[in-house]
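Please read the structure below before turning to the comments.
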There are 2 protein chains.
Amino acid sequence: MASSRTTDRTTIRTVAADAGVSVAAVSKVLRNAYGVSDELRARVETSIARLGYRPRAAARAMRGQTDTIGVLLADIRNPFFSDIMDGVHSALERTKYQSLVGISQSALSIELALVDAMTDRPMDGLILVAPRMVAADVTVTALRSPTVLIGHHEPQATLFDTVNDNDRLGAQLVVEHLVATGRSDIAFLSLEIDDPINALVTSQREIGYRAAMAENGLSAHVDIVRAGQSSRETQAAARRMLKSGERPEAIFCWTDFVALEVLSVARELGLSVPEDVAVVGYDNTSYCDLAQNDLTSVDQSGHTLGLQAARLLIERIKGRISPEHFVVTPRLVARGSSRPRT
Amino acid sequence: MASSRTTDRTTIRTVAADAGVSVAAVSKVLRNAYGVSDELRARVETSIARLGYRPRAAARAMRGQTDTIGVLLADIRNPFFSDIMDGVHSALERTKYQSLVGISQSALSIELALVDAMTDRPMDGLILVAPRMVAADVTVTALRSPTVLIGHHEPQATLFDTVNDNDRLGAQLVVEHLVATGRSDIAFLSLEIDDPINALVTSQREIGYRAAMAENGLSAHVDIVRAGQSSRETQAAARRMLKSGERPEAIFCWTDFVALEVLSVARELGLSVPEDVAVVGYDNTSYCDLAQNDLTSVDQSGHTLGLQAARLLIERIKGRISPEHFVVTPRLVARGSSRPRT
DNA sequence: GCATGGGCGTAGACCGTTCTACATAGCACC
DNA sequence: GGTGCTATGTAGAACGGTCTACGCCCATGC
């Protein structure tokens with residue numbers, strides 16, 4: 001079966017024979033290692049080009065590097081993750097590294113399986129985006145291969161790097177903005193998670209929200225609603241919040257994606273935004289700027305996060321041991337969905 | 001450097017020693033190959049569990065399978081591709097296969113590099129989603145590993161399978177719907193591509209659009225505008241179309257993602273949808289259903305496409321040689337953005 | 001003239017699996 | 001008791017790279 005496929009691929013041995021040198025010499029050229037004369041290099045490169053030779057990553061992986069980094073994404077639907085990937089790609093552009101992505105669908109079990117799969121592959125390093133796993137699991141992973149986390153607060157960690165937005169501050173900016181525009185009854189629509197840990201961005205935003213409400217003397221108004229990932233659950237939660245007798249004056253959503261659903265439900269219920277209810281998102285994804293959404297949001301530059309993570313990872317692959325924890329400062333981008341009421 | 005990381009991983013030899021059997025025996029158990037007694041299997045499995053052994057994919061790749069399939073996505077931003085990935089994941093759920101994704105950012109050069117990287121990895125098979133490459137390149141790829149294409153029309157191909165929507169029909173449905181709702185000046189906003197080929201979904205939709213316009217005696221109104229991927233280019237094109245003296249009565253966009261931008265521009269220009277201009281998308285992604293978009297679109301069930309592709313790929317990996325070409329029939333989902341004018 | 005050392009290239013072990021070819025045991029049958 | 005067959009387990013050669021250890025050559029210094 002599939003026997004027609006064994007095309008007798010050209011290997012390093014073929015190249016060596018063609019160039020009339022040893023296998024080791026070809027390997028040296030490939031890795032541009034020390035001890036190769038210009039003449040030998042030229043000869044080998046000519047043969048490589050003529051034969052169209054490509055080293056097999058699998059064989060390479062057994063002893064050396066694979067020049068591949070693995071990215072674990074929780075959720076491909078959230079457009080914010082596209083921004084992160086853009087950043088990763090631009091950091092990798094001029095390097096020898098390529099990225100391969102695993103999608104965990106926000107399920108812890110899949111996440112763990114994927115990390116295992118990637119370490120078995122193996123990859124030279126891993127970028128985990130918004131992972132759900134607990135510190136112990138991250139540690140195990142980091143011991144096996146260089147690791148950088150995005151969107152996971154573990155500022156004391158020494159075995160891996162982290163790249164984060166200051167999520168507490170971001171939430172505070174939102175609350176302050178809403179207060180400044182005349183709202184005080186501000187609810188937070190967060191994400192429901194089985195075993196929430198403080199490292200999660202949603203937890204951090206909840207903390208920031210609580211703190212800011214307290215600072216503004218609004219502790220009595222604190223209202224955190226948590227809904228699952230799915231559109232159905234999100235809409236149901238939004239509907240409950242907007243229909244209830246004491247509808248909040250503003251809903252702050254943990255991510256833009258959710259805020260768009262809230263806007264939709266509000267419109268369906270005949271409510272006007274921002275008159276009847278203000279809506280604010282988080283991440284400042286490209287959807288916020290569309291006129292039909294006109295959504296106030298918090299910018300944390302996914303591009304920068306991805307870029308930094310990739311940079312740090314490469315440093316770590318190259319041997320850095322000391323941990324680095326990069327934090328970007330969020331910035332509120334006010335749009336129509338939170339304009340002061342007239 | 002990173003020497004602390006060499007944790008002396010347990011290998012198949014460790015397991016063999018622990019269970020008191022040969023390496024080959026362990027390998028047999030792992031692959032559940034023929035010629036293993038229940039007693040031996042039990043013994044080996046106990047050792048595997050006790051040692052927490054995991055076979056390394058890289059070593060495995062050198063002779064056998066890797067149980068990994070590669071998916072090449074053109075663009076992670078387009079939410080339609082999320083639907084496809086959902087389908088792929090559900091097909092793979094109960095199998096031993098895992099998927100790893102490469103993102104080409106709609107660039108032909110990256111696409112080719114990624115396909116090479118994946119074949120070198122190697123993967124057991126490849127799913128290429130909306131690839132730009134020409135038939136010759138696909139053929140080369142298919143000769144190296146089992147391949148299924150999604151969103152690439154090559155119905156005669158024998159070396160690989162394809163999974164497609166009937167894009168011509170989809171475009172026809174749109175034109176007919178718009179005609180039925182009283183429009184005749186219907187423009188098509190398509191995608192600009194350097195070297196367009198007929199196999200692309202955009203080309204197919206253009207063909208369907210032209211044909212349907214002709215059938216309805218509207219050939220004089222045929223107007224195909226092509227814009228690049230970026231939001232900036234899309235908006236610029238939309239602005240030109242909507243501002244011009246002879247603004248069309250309807251704009252049919254090649255994908256939802258673009259239609260959302262058009263809705264935004266229309267609103268910015270103070271035009272009302274669908275009164276001043278009707279807008280229709282393609283793919284029926286989840287954004288269409290949001291009240292602020294309320295976008296008419298064509299459903300081609302990305303979930304089904306992904307599911308079928310994964311199924312076909314596994315069949316092919318298992319030895320099927322004869323080509324299969326799966327085609328789904330699109331369905332128009334009418335919403336507010338194309339309601340008849342009152 | 002001879003030891004020294006740096007530059008260059010090579011031989012061959014090694015990485016962790018798979019898989020073919022073969023050895024052995026047990027059993028049925030004559 | 002010998003023969004043939006099946007069922008089970010094993011030895012060892014792949015797979016295609018990397019990388020260490022070493023040898024050769026030539027220039028240099030004394």
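Identifiers in the structure tokens: chain A, B, ... in order shown; residue index from 1 per chain; ligand index from 1 in order shown.
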Sorted per-residue table, chain A near chain C, closest atoms and distance, 6 Å, only C-alpha atoms (C1' of nucleotides), as CSV:
```
residue,atom,partner,partner_atom,distance
A:Gly35,CA,C:DC8,C1',5.7
A:Met62,CA,C:DC15,C1',4.8
A:Arg63,CA,C:DC15,C1',5.5
```
Hey, can you spit out that residue selection with N, CA and C atoms as a PDB file, in the first residue's frame?
```pdb
ATOM      1  N   GLY A  35      34.753  24.532  11.147  1.00  0.00           N
ATOM      2  CA  GLY A  35      35.706  23.649  10.486  1.00  0.00           C
ATOM      3  C   GLY A  35      35.325  23.258   9.073  1.00  0.00           C
ATOM      4  N   MET A  62      16.340  13.526  16.485  1.00  0.00           N
ATOM      5  CA  MET A  62      16.837  12.505  17.392  1.00  0.00           C
ATOM      6  C   MET A  62      18.096  12.934  18.128  1.00  0.00           C
ATOM      7  N   ARG A  63      18.870  13.780  17.492  1.00  0.00           N
ATOM      8  CA  ARG A  63      20.062  14.268  18.200  1.00  0.00           C
ATOM      9  C   ARG A  63      20.036  15.781  18.378  1.00  0.00           C
TER      10      ARG A  63
END
```
Counting only C-alpha atoms (C1' of nucleotides), which residues of chain A come no farther than 10 Å from chain D, as a PDB file with C-alpha atoms, in the first residue's frame?
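Output file out.pdb follows:
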```pdb
ATOM      1  CA  THR A  11      19.393  11.710   1.988  1.00  0.00           C
ATOM      2  CA  ILE A  12      22.496  13.225   3.390  1.00  0.00           C
ATOM      3  CA  ARG A  13      24.376  10.223   2.048  1.00  0.00           C
ATOM      4  CA  VAL A  23      28.464  12.548   5.454  1.00  0.00           C
ATOM      5  CA  ALA A  24      29.822  14.451   8.406  1.00  0.00           C
ATOM      6  CA  SER A  27      26.114  17.742   8.135  1.00  0.00           C
ATOM      7  CA  LYS A  28      28.586  20.435   9.108  1.00  0.00           C
ATOM      8  CA  ARG A  31      24.373  23.301  10.512  1.00  0.00           C
ATOM      9  CA  PRO A  55      17.109  17.294   5.638  1.00  0.00           C
ATOM     10  CA  ARG A  56      14.394  15.368   7.402  1.00  0.00           C
ATOM     11  CA  ALA A  57      13.309  17.015  10.607  1.00  0.00           C
ATOM     12  CA  ALA A  58      12.451  13.700  12.230  1.00  0.00           C
ATOM     13  CA  ALA A  59      15.962  12.348  11.876  1.00  0.00           C
ATOM     14  CA  ARG A  60      17.409  15.628  12.977  1.00  0.00           C
ATOM     15  CA  ALA A  61      15.189  15.618  16.031  1.00  0.00           C
ATOM     16  CA  MET A  62      16.837  12.505  17.392  1.00  0.00           C
ATOM     17  CA  ARG A  63      20.062  14.268  18.200  1.00  0.00           C
ATOM     18  CA  GLY A  64      19.853  17.923  17.364  1.00  0.00           C
ATOM     19  CA  GLN A  65      17.373  20.701  16.920  1.00  0.00           C
TER      20      GLN A  65
END
```
> Please, which residues of chain B lie no more than 6 Å from chain A when the count uses only C-alpha atoms, and can they be set out as a list in words?
Replying inline: Met1, Arg5, Arg56, Ala57, Ala58, Arg77, Ser82, Leu100, Val101, Gly102, Asp120, Arg121, Leu143, Ser264, Leu290, Ala291, Gln292 and Gly319 of chain B
>> Let's see if you can do this: from backbone DSSP, list all helix (DSSP H, G or I) residues in region 61-280 of chain B, as a PyMOL selection string.
In response: chain B and resi 61-63+79-92+108-120+135-144+167-180+201-215+219-221+231-243+256-268
> DSSP says strand (DSSP E or B) for which residues of region 32-251 of chain B? Put them as JSON, numbers by chain?
Replying inline: {"B": [68, 69, 70, 71, 72, 73, 98, 99, 100, 101, 102, 103, 125, 126, 127, 128, 129, 147, 148, 149, 150, 152, 161, 162, 163, 164, 165, 186, 187, 188, 189, 190, 191, 200, 223, 224, 225, 226, 227, 250, 251]}
May I have the selected residues written with N, CA and C atoms, as a compact mmCIF listing (two decimals), in the first residue's frame?
```
# COMPACT_ATOMS: atom_id res chain seq x y z
N THR B 68 0.11 11.87 13.46
CA THR B 68 -0.12 13.30 13.43
C THR B 68 -0.51 13.71 12.03
N ILE B 69 -1.52 14.54 11.93
CA ILE B 69 -1.82 15.07 10.61
C ILE B 69 -1.63 16.58 10.64
N GLY B 70 -1.14 17.08 9.55
CA GLY B 70 -0.86 18.50 9.46
C GLY B 70 -2.00 19.21 8.73
N VAL B 71 -2.37 20.36 9.26
CA VAL B 71 -3.41 21.15 8.60
C VAL B 71 -2.79 22.49 8.22
N LEU B 72 -2.93 22.84 6.98
CA LEU B 72 -2.39 24.11 6.55
C LEU B 72 -3.52 25.11 6.35
N LEU B 73 -3.53 26.14 7.17
CA LEU B 73 -4.58 27.14 7.10
C LEU B 73 -4.04 28.41 6.44
N GLN B 98 -3.64 13.19 15.99
CA GLN B 98 -3.69 14.56 16.48
C GLN B 98 -3.38 15.49 15.33
N SER B 99 -3.84 16.72 15.43
CA SER B 99 -3.57 17.65 14.34
C SER B 99 -2.64 18.76 14.81
N LEU B 100 -1.81 19.17 13.92
CA LEU B 100 -0.92 20.31 14.15
C LEU B 100 -1.13 21.26 12.97
N VAL B 101 -1.21 22.54 13.29
CA VAL B 101 -1.64 23.51 12.28
C VAL B 101 -0.50 24.44 11.89
N GLY B 102 -0.38 24.69 10.62
CA GLY B 102 0.54 25.70 10.13
C GLY B 102 -0.26 26.84 9.51
N ILE B 103 0.19 28.06 9.72
CA ILE B 103 -0.57 29.20 9.23
C ILE B 103 0.24 29.93 8.16
N GLY B 125 -0.20 12.65 7.20
CA GLY B 125 -1.01 13.14 6.10
C GLY B 125 -1.24 14.63 6.24
N LEU B 126 -1.74 15.24 5.19
CA LEU B 126 -1.90 16.68 5.16
C LEU B 126 -3.30 17.09 4.70
N ILE B 127 -3.84 18.08 5.39
CA ILE B 127 -5.07 18.72 4.91
C ILE B 127 -4.71 20.15 4.57
N LEU B 128 -4.88 20.50 3.33
CA LEU B 128 -4.57 21.87 2.92
C LEU B 128 -5.87 22.64 2.75
N VAL B 129 -6.01 23.71 3.48
CA VAL B 129 -7.24 24.49 3.42
C VAL B 129 -7.04 25.72 2.55
N THR B 147 -2.83 13.35 0.97
CA THR B 147 -3.24 14.74 0.98
C THR B 147 -4.72 14.90 0.66
N VAL B 148 -5.36 15.79 1.40
CA VAL B 148 -6.75 16.17 1.08
C VAL B 148 -6.82 17.68 1.01
N LEU B 149 -7.48 18.20 0.02
CA LEU B 149 -7.64 19.64 -0.11
C LEU B 149 -9.05 20.07 0.26
N ILE B 150 -9.14 21.17 0.96
CA ILE B 150 -10.45 21.78 1.21
C ILE B 150 -10.46 23.13 0.51
N HIS B 152 -10.57 23.90 -2.78
CA HIS B 152 -9.66 23.97 -3.93
C HIS B 152 -10.23 23.00 -4.96
N ASP B 161 -7.53 13.71 -2.57
CA ASP B 161 -8.97 13.93 -2.46
C ASP B 161 -9.25 15.42 -2.33
N THR B 162 -10.47 15.79 -2.65
CA THR B 162 -10.87 17.18 -2.40
C THR B 162 -12.21 17.20 -1.70
N VAL B 163 -12.40 18.25 -0.93
CA VAL B 163 -13.67 18.47 -0.23
C VAL B 163 -14.07 19.91 -0.52
N ASN B 164 -15.22 20.09 -1.11
CA ASN B 164 -15.59 21.42 -1.54
C ASN B 164 -17.06 21.72 -1.37
N ASP B 165 -17.30 23.00 -1.32
CA ASP B 165 -18.63 23.52 -1.48
C ASP B 165 -18.83 23.72 -2.98
N ILE B 186 -26.02 44.45 -9.15
CA ILE B 186 -25.37 43.65 -8.11
C ILE B 186 -23.87 43.55 -8.38
N ALA B 187 -23.08 44.04 -7.46
CA ALA B 187 -21.62 43.97 -7.63
C ALA B 187 -21.05 42.82 -6.80
N PHE B 188 -19.91 42.33 -7.23
CA PHE B 188 -19.25 41.25 -6.49
C PHE B 188 -17.91 41.76 -5.98
N LEU B 189 -17.72 41.71 -4.68
CA LEU B 189 -16.45 42.12 -4.08
C LEU B 189 -15.63 40.88 -3.82
N SER B 190 -14.61 40.70 -4.64
CA SER B 190 -13.83 39.47 -4.61
C SER B 190 -12.43 39.72 -4.04
N LEU B 191 -11.62 38.69 -4.08
CA LEU B 191 -10.29 38.78 -3.48
C LEU B 191 -9.23 38.93 -4.56
N LEU B 200 -9.40 28.08 -7.27
CA LEU B 200 -9.72 28.84 -6.06
C LEU B 200 -11.21 29.06 -5.88
N ASP B 223 -20.11 43.49 -12.30
CA ASP B 223 -19.05 44.37 -11.80
C ASP B 223 -18.28 43.63 -10.72
N ILE B 224 -17.11 43.19 -11.07
CA ILE B 224 -16.28 42.46 -10.11
C ILE B 224 -15.16 43.36 -9.62
N VAL B 225 -15.14 43.64 -8.33
CA VAL B 225 -14.09 44.45 -7.73
C VAL B 225 -13.22 43.52 -6.90
N ARG B 226 -11.92 43.66 -7.02
CA ARG B 226 -11.05 42.78 -6.23
C ARG B 226 -10.20 43.60 -5.27
N ALA B 227 -10.17 43.17 -4.03
CA ALA B 227 -9.36 43.87 -3.02
C ALA B 227 -8.46 42.88 -2.30
N ALA B 250 -26.69 46.29 -4.56
CA ALA B 250 -26.30 45.21 -3.66
C ALA B 250 -24.83 44.88 -3.85
N ILE B 251 -24.18 44.53 -2.76
CA ILE B 251 -22.79 44.07 -2.84
C ILE B 251 -22.73 42.67 -2.27
```
>> For Ala310 (chain A), find every residue with an atom within 8 Å (counting only C-alpha atoms (C1' of nucleotides)), except residues of its own chain fewer than 5 positions away, and show them as number ranges by chain.
In response: A: 88, 91-92, 127
> Rounded to one decimal in Å, what is the spacing between CA of Thr285 (chain A) and CA of Arg132 (chain A)?
Replying inline: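 Value for the CA of Thr285 (chain A)-CA of Arg132 (chain A) distance: 22.0 Å.
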> Do you have the CA of Ala135 (chain A)-CA of Gly151 (chain A) distance handy?
Replying inline: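 Distance between the two atoms: 13.5 Å.
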Could you give me, as an mmCIF file with N, CA, C and O atoms, in the first residue's frame, the residues within 7 Å of Arg339 (chain A), counting only C-alpha atoms (C1' of nucleotides) and dropping anything in the same chain fewer than 3 positions from it?
```
data_model
loop_
_atom_site.group_PDB
_atom_site.id
_atom_site.type_symbol
_atom_site.label_atom_id
_atom_site.label_comp_id
_atom_site.auth_asym_id
_atom_site.auth_seq_id
_atom_site.Cartn_x
_atom_site.Cartn_y
_atom_site.Cartn_z
ATOM 1 N N THR A 181 -17.760 58.334 32.916
ATOM 2 C CA THR A 181 -18.832 58.620 31.959
ATOM 3 C C THR A 181 -20.200 58.498 32.619
ATOM 4 O O THR A 181 -21.220 58.408 31.936
ATOM 5 N N PRO A 274 -25.083 53.403 23.742
ATOM 6 C CA PRO A 274 -24.821 53.275 25.174
ATOM 7 C C PRO A 274 -25.898 53.895 26.057
ATOM 8 O O PRO A 274 -25.688 53.975 27.272
ATOM 9 N N ARG A 335 -14.795 54.162 22.708
ATOM 10 C CA ARG A 335 -15.588 54.293 21.477
ATOM 11 C C ARG A 335 -17.046 54.510 21.872
ATOM 12 O O ARG A 335 -17.368 54.710 23.041
ATOM 13 N N GLY A 336 -17.904 54.411 20.879
ATOM 14 C CA GLY A 336 -19.304 54.767 21.096
ATOM 15 C C GLY A 336 -20.040 53.952 22.146
ATOM 16 O O GLY A 336 -20.962 54.460 22.799
#
```
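For the pair CA of Val222 (chain B) and CA of Thr234 (chain B), the interatomic distance is 19.3 Å.
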